[in-house]
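What follows is one structure encoded as structure tokens, with my remarks underneath.
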Amino acid sequence: MTKDKGQRTKDKDLVLIGGGHSHAIALRMLGMNPLPGVRLTLITNVSHTPYSGMLPGHVAGFYTFDECHIDLRRLAQFAGAQLYIDKAVGLDLNSNKVICANRPPVAFDVLSIDIGSNPAKESVPGVAKYAIPAKPVPQFLKRWNRIIETISQHPQQSLSLGIVGGGAGGVELAMTMQRRLINVETRHGTSVKIHLFHRGNQLLPGHNSWARRYVQKLLTKRGIQVHLGETVSQILPDKICCESGLVVDCDYSFWVTQASAPSWIAESGLHTTSNGFISVGDTLQSLSHPHIFAAGDIATMVHHPRPKAGVFAVRQGKPLVENLRRFVQGKTLHPYKPQRRFLSLIGTGDGSAIASWGSFGWHSRLLWRWKDHIDRKFMRQFRDLPEMESANTVPEKTPNLTKSPRLGKPKNAPPMYCAGCGSKVGSTTLERVLKRLQDEYPFPTKEDIILGLGTPDDAAVVQVPVDKLLVQTIDYFRTLINDPFIFGQISTHHCLSDLFAMGATPQSVLAMVTVPYGTAAKQEETLYQLLSGAMKVLSQVQAPLVGGHTTEGAELAFGLSCNGLVHPQQIIKKSGMKPGDRIILTKALGTGILFAAHQRLQAKGRWIDQAVESMLVSNQEAVKVFRDHGVTACTDVTGFGFVGHLVEMVQASGVAVDLEWDKIPLLEGVTELVQQGIVSSLYPQNVQAARFIRNQKEMCDRANYPVLFDPQTSGGLLATIPGDKAANCVQVLQELRYQQSRIIGQVISASSDVPPLRFL
């Protein structure tokens, strides 16, 4: 038996839906003071969540994207939380599961919801099709940046914008948009007109009379056309129509009206207000389901209703964490009473701001400086995270893999865990998981699978056709990301890649899984999420899972033993390179460096997003393209790095290569991280292959030199194609899912007295 030397295992699942202000604060606080015995999971559809206080300044051009967005990947890593990038679309309250758009349901014991709100579209024709809503913010910013780009590309073109909604959001958007467009107009001569529509007779409902009058005068002074008492009745592609008969030409229409909640909240069975928001009490608990909490715009405190404003979401963060902690620990919850009045600071787009508080109002540049100071201070707490043990720089010889959350163990479990067969996951747990998988991914029936998962025998039995060869490969590694569903997909792509590189078709696979110690229920959930990811990929390539082995351990790990079939005349080897061939690489490099930085909290979330996106692309289609273009040799770029795997090809083929340094594609963020000195823990071993580089001394001085030896997880293919077919081959690859494909060099004759790799 072996002792469990890690932290206390987890026996409860706390799931957070949404990366709003309250949850961002909660993650930071839970990272500083973790909840013992609780596995934390964040479900969010974006890895960078916007801070509402700085968004208008970003629209005006005052703040960069990073300055006004909270990096949820980094924050979740700091908090030791699982991060699921997906959209919640429902709740199954009978079984306590979150229904997601693109992944299996996520189980919870305690749930908190902070997903913000969207502008109410009501029933106005054309809004859903033609209007640009202010929320969700990522979609809004994408459209706004596209408009700026269009204006820049088409100077001298007049432009008319319409904004529907005369509250603080619409007013501030009108002034900040004008500020940004004035800069564009000055550079390109574009003529811009902005129209603001409001159904009321005064702007800024809920604010004092001075603020309402002052804002209207200011907008008029700046040439923004204000249409009061106008109820929009229809949005057309180039017009806004009002009930009064007013029709205004608008190239783009923005919808900034009252807040609304997504329909799935009410449909789930939670108690909601008449307009669909979650009804919560003074402890921020749902009135109908006390194990569910809610904060921010999506929640309405029934005893203390307040406007849907970011200031309240920020203030709710601390009491939310405290009550979640107390609920999990079985303690009495503390009531929270929000402030009645709050200071509203409205940016006017010119480096000044309007203050509105009770009957007080003021417009000054000093207010903008104050607001800017407050906002930057708020964001600094998420950028400058405290130095916690989990955030320390990884020692050079420590594997650069993300630490997996521990799962829970029974209260009466022994303090020691058995080894040998005593470390296996229980048969009941495994049976339940396989039953759930069978429902989601029916096990296929293939003639060459004699005995598989559907039979209770000791081993799988497969048949090899008489005209085929059996190709076998195996891979297994610890998780590099705190999402077992995504990890299952990445590792399956990685394991199958060796088969594809050799031109084989997957026939069957055996799985090897290590599940973190925990209760049977927690292990079942993790195993189900992991194997669901694997089965998703296996079903796409029609390779059935025919068996495997599951064991308990300190952290999550997964691998596959893969069987493939290939005709003897269709094997693609490493040894077929010929002088004159062009060398093609199908994926950008840098996953090892990025995830080493991610573990150290030094990688931006969007860098990890695009790395994951790359790792989720199968190499299967690329091999088909290579075969159509007369491939002579191929391998996949994985653990030994680019140079290590290329050297294997060159030595097997008895040739040399000239490589174009500037053509080698790199993932976003890699250059910046290399400059910070971040490398994978496998780099010291991989860099020994540098002796095969002819101009090594020259290359050592180049900025991205370490990337050549960076271990890749689910990396791309390295192949050689006859010179006259290479350009077309790359074009076809780029038209598929391999946009980073490049011709990076050519094969030349070998010289016995010099190393075979030369960078030009």
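FYI, nothing fancy with the structure tokens labels: chains A, B, ... in order, residues from 1 per chain, ligands from 1 as they appear.
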
TODO: Excluding Thr455 in chain A and any residue of its chain fewer than 6 positions from it, enumerate the residues within 12 Å of it, using only C-alpha atoms, and give them as a ChimeraX atom specification.
DONE: /A:443,449,461,546-547

Write out, as a PDB file, in the first residue's frame, the residues just selected, with all heavy atoms.
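Final output, again32.pdb:
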```pdb
ATOM      1  N   PHE A 443     -21.464   1.358 -29.334  1.00  0.00           N
ATOM      2  CA  PHE A 443     -20.273   0.637 -29.762  1.00  0.00           C
ATOM      3  C   PHE A 443     -20.521   0.027 -31.141  1.00  0.00           C
ATOM      4  O   PHE A 443     -21.463  -0.743 -31.332  1.00  0.00           O
ATOM      5  CB  PHE A 443     -19.914  -0.463 -28.765  1.00  0.00           C
ATOM      6  CG  PHE A 443     -19.695   0.042 -27.362  1.00  0.00           C
ATOM      7  CD1 PHE A 443     -19.987  -0.758 -26.270  1.00  0.00           C
ATOM      8  CD2 PHE A 443     -19.197   1.316 -27.142  1.00  0.00           C
ATOM      9  CE1 PHE A 443     -19.783  -0.295 -24.973  1.00  0.00           C
ATOM     10  CE2 PHE A 443     -18.989   1.791 -25.853  1.00  0.00           C
ATOM     11  CZ  PHE A 443     -19.292   0.983 -24.767  1.00  0.00           C
ATOM     12  N   ILE A 449     -13.701  -7.272 -35.499  1.00  0.00           N
ATOM     13  CA  ILE A 449     -13.646  -7.274 -34.039  1.00  0.00           C
ATOM     14  C   ILE A 449     -14.396  -8.515 -33.562  1.00  0.00           C
ATOM     15  O   ILE A 449     -15.628  -8.544 -33.503  1.00  0.00           O
ATOM     16  CB  ILE A 449     -14.268  -5.998 -33.442  1.00  0.00           C
ATOM     17  CG1 ILE A 449     -13.626  -4.752 -34.058  1.00  0.00           C
ATOM     18  CG2 ILE A 449     -14.124  -6.005 -31.927  1.00  0.00           C
ATOM     19  CD1 ILE A 449     -12.145  -4.628 -33.806  1.00  0.00           C
ATOM     20  N   VAL A 461     -10.300  -9.686 -29.027  1.00  0.00           N
ATOM     21  CA  VAL A 461      -9.799 -10.496 -30.133  1.00  0.00           C
ATOM     22  C   VAL A 461     -10.154  -9.788 -31.430  1.00  0.00           C
ATOM     23  O   VAL A 461     -11.326  -9.481 -31.685  1.00  0.00           O
ATOM     24  CB  VAL A 461     -10.407 -11.914 -30.130  1.00  0.00           C
ATOM     25  CG1 VAL A 461      -9.881 -12.714 -31.324  1.00  0.00           C
ATOM     26  CG2 VAL A 461     -10.081 -12.628 -28.826  1.00  0.00           C
ATOM     27  N   VAL A 546     -12.026  -1.384 -27.627  1.00  0.00           N
ATOM     28  CA  VAL A 546     -12.316  -2.802 -27.400  1.00  0.00           C
ATOM     29  C   VAL A 546     -11.930  -3.282 -26.008  1.00  0.00           C
ATOM     30  O   VAL A 546     -12.160  -4.443 -25.660  1.00  0.00           O
ATOM     31  CB  VAL A 546     -11.611  -3.675 -28.466  1.00  0.00           C
ATOM     32  CG1 VAL A 546     -12.162  -3.374 -29.854  1.00  0.00           C
ATOM     33  CG2 VAL A 546     -10.096  -3.473 -28.430  1.00  0.00           C
ATOM     34  N   GLY A 547     -11.358  -2.413 -25.193  1.00  0.00           N
ATOM     35  CA  GLY A 547     -10.984  -2.812 -23.847  1.00  0.00           C
ATOM     36  C   GLY A 547     -10.041  -1.800 -23.240  1.00  0.00           C
ATOM     37  O   GLY A 547      -9.822  -0.715 -23.798  1.00  0.00           O
TER      38      GLY A 547
END
```

With only C-alpha atoms counted and 10 Å as the cut-off, give the residues of range 207-246 of chain A in contact with range 164-183 of chain A, each with its shortest interatomic distance in Å and the pair that gives it, as JSON lines.
```
{"residue": "A:His207", "atom": "CA", "partner": "A:Ala168", "partner_atom": "CA", "distance": 8.9}
{"residue": "A:Arg212", "atom": "CA", "partner": "A:Gly167", "partner_atom": "CA", "distance": 9.8}
{"residue": "A:Val215", "atom": "CA", "partner": "A:Val171", "partner_atom": "CA", "distance": 8.0}
{"residue": "A:Gln216", "atom": "CA", "partner": "A:Val171", "partner_atom": "CA", "distance": 9.1}
{"residue": "A:Leu218", "atom": "CA", "partner": "A:Met175", "partner_atom": "CA", "distance": 9.4}
{"residue": "A:Leu219", "atom": "CA", "partner": "A:Met175", "partner_atom": "CA", "distance": 7.6}
{"residue": "A:Arg222", "atom": "CA", "partner": "A:Met175", "partner_atom": "CA", "distance": 8.5}
{"residue": "A:Gly223", "atom": "CA", "partner": "A:Gln178", "partner_atom": "CA", "distance": 9.5}
{"residue": "A:Ile224", "atom": "CA", "partner": "A:Ala174", "partner_atom": "CA", "distance": 7.7}
{"residue": "A:Gln225", "atom": "CA", "partner": "A:Ala174", "partner_atom": "CA", "distance": 10.0}
{"residue": "A:Val226", "atom": "CA", "partner": "A:Gly166", "partner_atom": "CA", "distance": 8.9}
{"residue": "A:His227", "atom": "CA", "partner": "A:Gly166", "partner_atom": "CA", "distance": 9.3}
{"residue": "A:Leu228", "atom": "CA", "partner": "A:Gly166", "partner_atom": "CA", "distance": 8.5}
{"residue": "A:Glu230", "atom": "CA", "partner": "A:Val164", "partner_atom": "CA", "distance": 9.7}
{"residue": "A:Thr231", "atom": "CA", "partner": "A:Val164", "partner_atom": "CA", "distance": 9.1}
{"residue": "A:Val232", "atom": "CA", "partner": "A:Val164", "partner_atom": "CA", "distance": 7.7}
{"residue": "A:Ile240", "atom": "CA", "partner": "A:Val164", "partner_atom": "CA", "distance": 9.1}
```

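Remark: for Ser497 in chain A, the closest of the candidate residues A:Leu718, A:Gln463, A:Trp370, A:Leu284 is A:Leu718 (distances computed over only C-alpha atoms).
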
Open item on the list: Under the rule that only C-alpha atoms are counted, which of A:Val747, A:Val625, A:Val541, A:Leu469 is the nearest residue to Thr492 in chain A?
Closed with: A:Val541

Task: Proximity to Leu453 in chain A - best of A:Ser152, A:Gln675, A:Ser286, A:Gln438, only C-alpha atoms - done: A:Gln438

Contacts of range 109-151 of chain A with range 8-25 of chain A up to 9 Å, shortest pair per row, only C-alpha atoms, as a tab-separated table:
```
residue	atom	partner	partner_atom	distance
A:Asp109	CA	A:Asp13	CA	5.1
A:Val110	CA	A:Leu14	CA	4.8
A:Leu111	CA	A:Val15	CA	5.0
A:Ser112	CA	A:Leu16	CA	4.9
A:Ile113	CA	A:Ile17	CA	4.8
A:Asp114	CA	A:Gly18	CA	5.0
A:Ile115	CA	A:Gly18	CA	4.4
A:Gly116	CA	A:Gly20	CA	6.4
```

File of the preceding selection, C-alpha atoms, as a JSON list (two decimals), in the first residue's frame:
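The resulting file, result28.json, is reproduced below:
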```
[["chain", "number", "residue", "atom", "x", "y", "z"],
["A", 109, "ASP", "CA", -23.37, 19.32, -5.64],
["A", 110, "VAL", "CA", -23.43, 23.11, -5.31],
["A", 111, "LEU", "CA", -23.99, 25.49, -8.22],
["A", 112, "SER", "CA", -23.48, 29.23, -8.68],
["A", 113, "ILE", "CA", -24.67, 31.18, -11.74],
["A", 114, "ASP", "CA", -23.20, 34.50, -12.89],
["A", 115, "ILE", "CA", -23.79, 34.78, -16.63],
["A", 116, "GLY", "CA", -24.79, 38.42, -16.89]]
```

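For range 65-141 of chain A, a DSSP pass over the backbone yields strand (DSSP E or B) at A:His69, A:Ile70, A:Asp71, A:Gln82, A:Leu83, A:Tyr84, A:Ile85, A:Ala88, A:Val89, A:Gly90, A:Leu91, A:Asp92, A:Lys97, A:Val98, A:Ile99, A:Cys100, A:Val106, A:Ala107, A:Val110, A:Leu111, A:Ser112, A:Ile113, A:Asn118, A:Pro119, A:Ile132, A:Pro133.
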
Task: Nearby residues (only C-alpha atoms) at most 9 Å from range 84-98 of chain A, same-chain spacing under 2 positions excluded, as a VMD selection string - done: chain A and resid 15 17 to 18 41 to 47 82 100 to 111 262 to 265 267 to 270 289 482 to 483 485 to 486

If you count only C-alpha atoms, which residues fall within 6 Å of range 647-664 of chain A, apart from same-chain ones fewer than 2 positions away, as a PDB file with C-alpha atoms, in the first residue's frame?
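Output below, filename result-v4.pdb:
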```pdb
ATOM      1  CA  LYS A 574      10.359   8.031 -42.517  1.00  0.00           C
ATOM      2  CA  SER A 575      13.028   6.700 -44.824  1.00  0.00           C
ATOM      3  CA  GLY A 576      11.686   7.786 -48.224  1.00  0.00           C
ATOM      4  CA  MET A 577      13.028  11.355 -48.472  1.00  0.00           C
ATOM      5  CA  VAL A 643      14.494  18.852 -34.867  1.00  0.00           C
ATOM      6  CA  GLY A 644      14.408  15.500 -33.091  1.00  0.00           C
ATOM      7  CA  HIS A 645      11.791  14.026 -35.402  1.00  0.00           C
ATOM      8  CA  ILE A 744       9.671  25.011 -44.794  1.00  0.00           C
ATOM      9  CA  GLY A 745      12.595  23.594 -46.751  1.00  0.00           C
ATOM     10  CA  GLN A 746      13.887  21.075 -49.244  1.00  0.00           C
ATOM     11  CA  VAL A 747      15.778  17.803 -49.278  1.00  0.00           C
ATOM     12  CA  ILE A 748      19.345  17.812 -50.596  1.00  0.00           C
ATOM     13  CA  SER A 749      22.058  15.190 -50.986  1.00  0.00           C
ATOM     14  CA  ALA A 750      23.925  14.272 -47.838  1.00  0.00           C
ATOM     15  CA  PRO A 756      22.581  17.116 -42.117  1.00  0.00           C
ATOM     16  CA  LEU A 757      20.424  20.110 -41.056  1.00  0.00           C
ATOM     17  CA  ARG A 758      21.125  23.640 -42.271  1.00  0.00           C
ATOM     18  CA  PHE A 759      18.954  26.693 -41.577  1.00  0.00           C
ATOM     19  CA  LEU A 760      18.985  29.434 -44.175  1.00  0.00           C
TER      20      LEU A 760
END
```

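Each of A:Ser491, A:Gln734, A:Ser539, A:Gln339 was compared to Pro442 in chain A using only C-alpha atoms, and A:Ser539 turns out to be the nearest.
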
- [ ] Within 12 Å of Arg143 in chain A, counting only C-alpha atoms, which residues show up once you throw out same-chain ones fewer than 3 positions away? Write them as JSON, numbers by chain, please.
- [x] {"A": [59, 130, 131, 132, 133, 134, 135, 136, 137, 138, 139, 140, 146, 147, 148, 149, 150, 252, 253, 254]}

Kindly save the residues from that selection, with N, CA and C atoms included, as a PDB file, in the first residue's frame.
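Here's the written file selection25.pdb:
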```pdb
ATOM      1  N   VAL A  59     -13.896  50.736 -26.412  1.00  0.00           N
ATOM      2  CA  VAL A  59     -14.557  51.126 -27.662  1.00  0.00           C
ATOM      3  C   VAL A  59     -13.976  52.448 -28.173  1.00  0.00           C
ATOM      4  N   TYR A 130     -30.778  41.812 -37.890  1.00  0.00           N
ATOM      5  CA  TYR A 130     -29.978  42.931 -38.386  1.00  0.00           C
ATOM      6  C   TYR A 130     -29.289  43.770 -37.310  1.00  0.00           C
ATOM      7  N   ALA A 131     -29.806  43.772 -36.082  1.00  0.00           N
ATOM      8  CA  ALA A 131     -29.215  44.621 -35.046  1.00  0.00           C
ATOM      9  C   ALA A 131     -27.992  43.957 -34.416  1.00  0.00           C
ATOM     10  N   ILE A 132     -27.100  44.791 -33.915  1.00  0.00           N
ATOM     11  CA  ILE A 132     -25.909  44.322 -33.198  1.00  0.00           C
ATOM     12  C   ILE A 132     -26.149  44.572 -31.717  1.00  0.00           C
ATOM     13  N   PRO A 133     -26.405  43.528 -30.923  1.00  0.00           N
ATOM     14  CA  PRO A 133     -26.651  43.735 -29.492  1.00  0.00           C
ATOM     15  C   PRO A 133     -25.365  44.084 -28.757  1.00  0.00           C
ATOM     16  N   ALA A 134     -25.482  44.887 -27.695  1.00  0.00           N
ATOM     17  CA  ALA A 134     -24.309  45.272 -26.909  1.00  0.00           C
ATOM     18  C   ALA A 134     -23.756  44.095 -26.122  1.00  0.00           C
ATOM     19  N   LYS A 135     -24.592  43.086 -25.891  1.00  0.00           N
ATOM     20  CA  LYS A 135     -24.177  41.861 -25.217  1.00  0.00           C
ATOM     21  C   LYS A 135     -24.720  40.682 -25.998  1.00  0.00           C
ATOM     22  N   PRO A 136     -24.006  39.558 -26.016  1.00  0.00           N
ATOM     23  CA  PRO A 136     -22.723  39.286 -25.368  1.00  0.00           C
ATOM     24  C   PRO A 136     -21.590  40.165 -25.914  1.00  0.00           C
ATOM     25  N   VAL A 137     -20.746  40.614 -25.012  1.00  0.00           N
ATOM     26  CA  VAL A 137     -19.703  41.570 -25.367  1.00  0.00           C
ATOM     27  C   VAL A 137     -18.732  41.033 -26.419  1.00  0.00           C
ATOM     28  N   PRO A 138     -18.268  39.769 -26.347  1.00  0.00           N
ATOM     29  CA  PRO A 138     -17.312  39.304 -27.368  1.00  0.00           C
ATOM     30  C   PRO A 138     -17.839  39.444 -28.787  1.00  0.00           C
ATOM     31  N   GLN A 139     -19.112  39.109 -28.993  1.00  0.00           N
ATOM     32  CA  GLN A 139     -19.694  39.239 -30.327  1.00  0.00           C
ATOM     33  C   GLN A 139     -19.808  40.707 -30.730  1.00  0.00           C
ATOM     34  N   PHE A 140     -20.181  41.552 -29.763  1.00  0.00           N
ATOM     35  CA  PHE A 140     -20.272  42.987 -30.044  1.00  0.00           C
ATOM     36  C   PHE A 140     -18.917  43.542 -30.465  1.00  0.00           C
ATOM     37  N   ARG A 146     -14.724  44.951 -36.715  1.00  0.00           N
ATOM     38  CA  ARG A 146     -14.888  44.744 -38.156  1.00  0.00           C
ATOM     39  C   ARG A 146     -15.349  46.036 -38.828  1.00  0.00           C
ATOM     40  N   ILE A 147     -16.213  46.795 -38.144  1.00  0.00           N
ATOM     41  CA  ILE A 147     -16.676  48.075 -38.696  1.00  0.00           C
ATOM     42  C   ILE A 147     -15.508  49.044 -38.826  1.00  0.00           C
ATOM     43  N   ILE A 148     -14.673  49.119 -37.782  1.00  0.00           N
ATOM     44  CA  ILE A 148     -13.506  50.004 -37.827  1.00  0.00           C
ATOM     45  C   ILE A 148     -12.582  49.612 -38.969  1.00  0.00           C
ATOM     46  N   GLU A 149     -12.396  48.308 -39.142  1.00  0.00           N
ATOM     47  CA  GLU A 149     -11.530  47.822 -40.223  1.00  0.00           C
ATOM     48  C   GLU A 149     -12.114  48.171 -41.592  1.00  0.00           C
ATOM     49  N   THR A 150     -13.439  48.024 -41.727  1.00  0.00           N
ATOM     50  CA  THR A 150     -14.103  48.344 -42.997  1.00  0.00           C
ATOM     51  C   THR A 150     -13.946  49.820 -43.337  1.00  0.00           C
ATOM     52  N   TYR A 252     -25.432  50.607 -39.715  1.00  0.00           N
ATOM     53  CA  TYR A 252     -25.357  49.621 -38.636  1.00  0.00           C
ATOM     54  C   TYR A 252     -26.275  50.064 -37.508  1.00  0.00           C
ATOM     55  N   SER A 253     -26.969  49.092 -36.914  1.00  0.00           N
ATOM     56  CA  SER A 253     -27.879  49.382 -35.807  1.00  0.00           C
ATOM     57  C   SER A 253     -27.432  48.617 -34.571  1.00  0.00           C
ATOM     58  N   PHE A 254     -27.289  49.334 -33.452  1.00  0.00           N
ATOM     59  CA  PHE A 254     -26.855  48.732 -32.188  1.00  0.00           C
ATOM     60  C   PHE A 254     -28.019  48.728 -31.201  1.00  0.00           C
TER      61      PHE A 254
END
```

Open item on the list: I'd like the interatomic distance between CA of Ser344 in chain A and CA of Arg213 in chain A, to a tenth of an Å.
Closed with: 15.7 Å

Task: Which of A:Leu385, A:Ala719, A:Leu196, A:Ile298 sits closest to Asp71 in chain A [using only C-alpha atoms] - done: A:Leu385

Open item on the list: Between A:Leu601, A:Ala557, A:Cys700, A:Leu366, which residue has the minimum interatomic distance to Val687 in chain A, considering only C-alpha atoms?
Closed with: A:Cys700
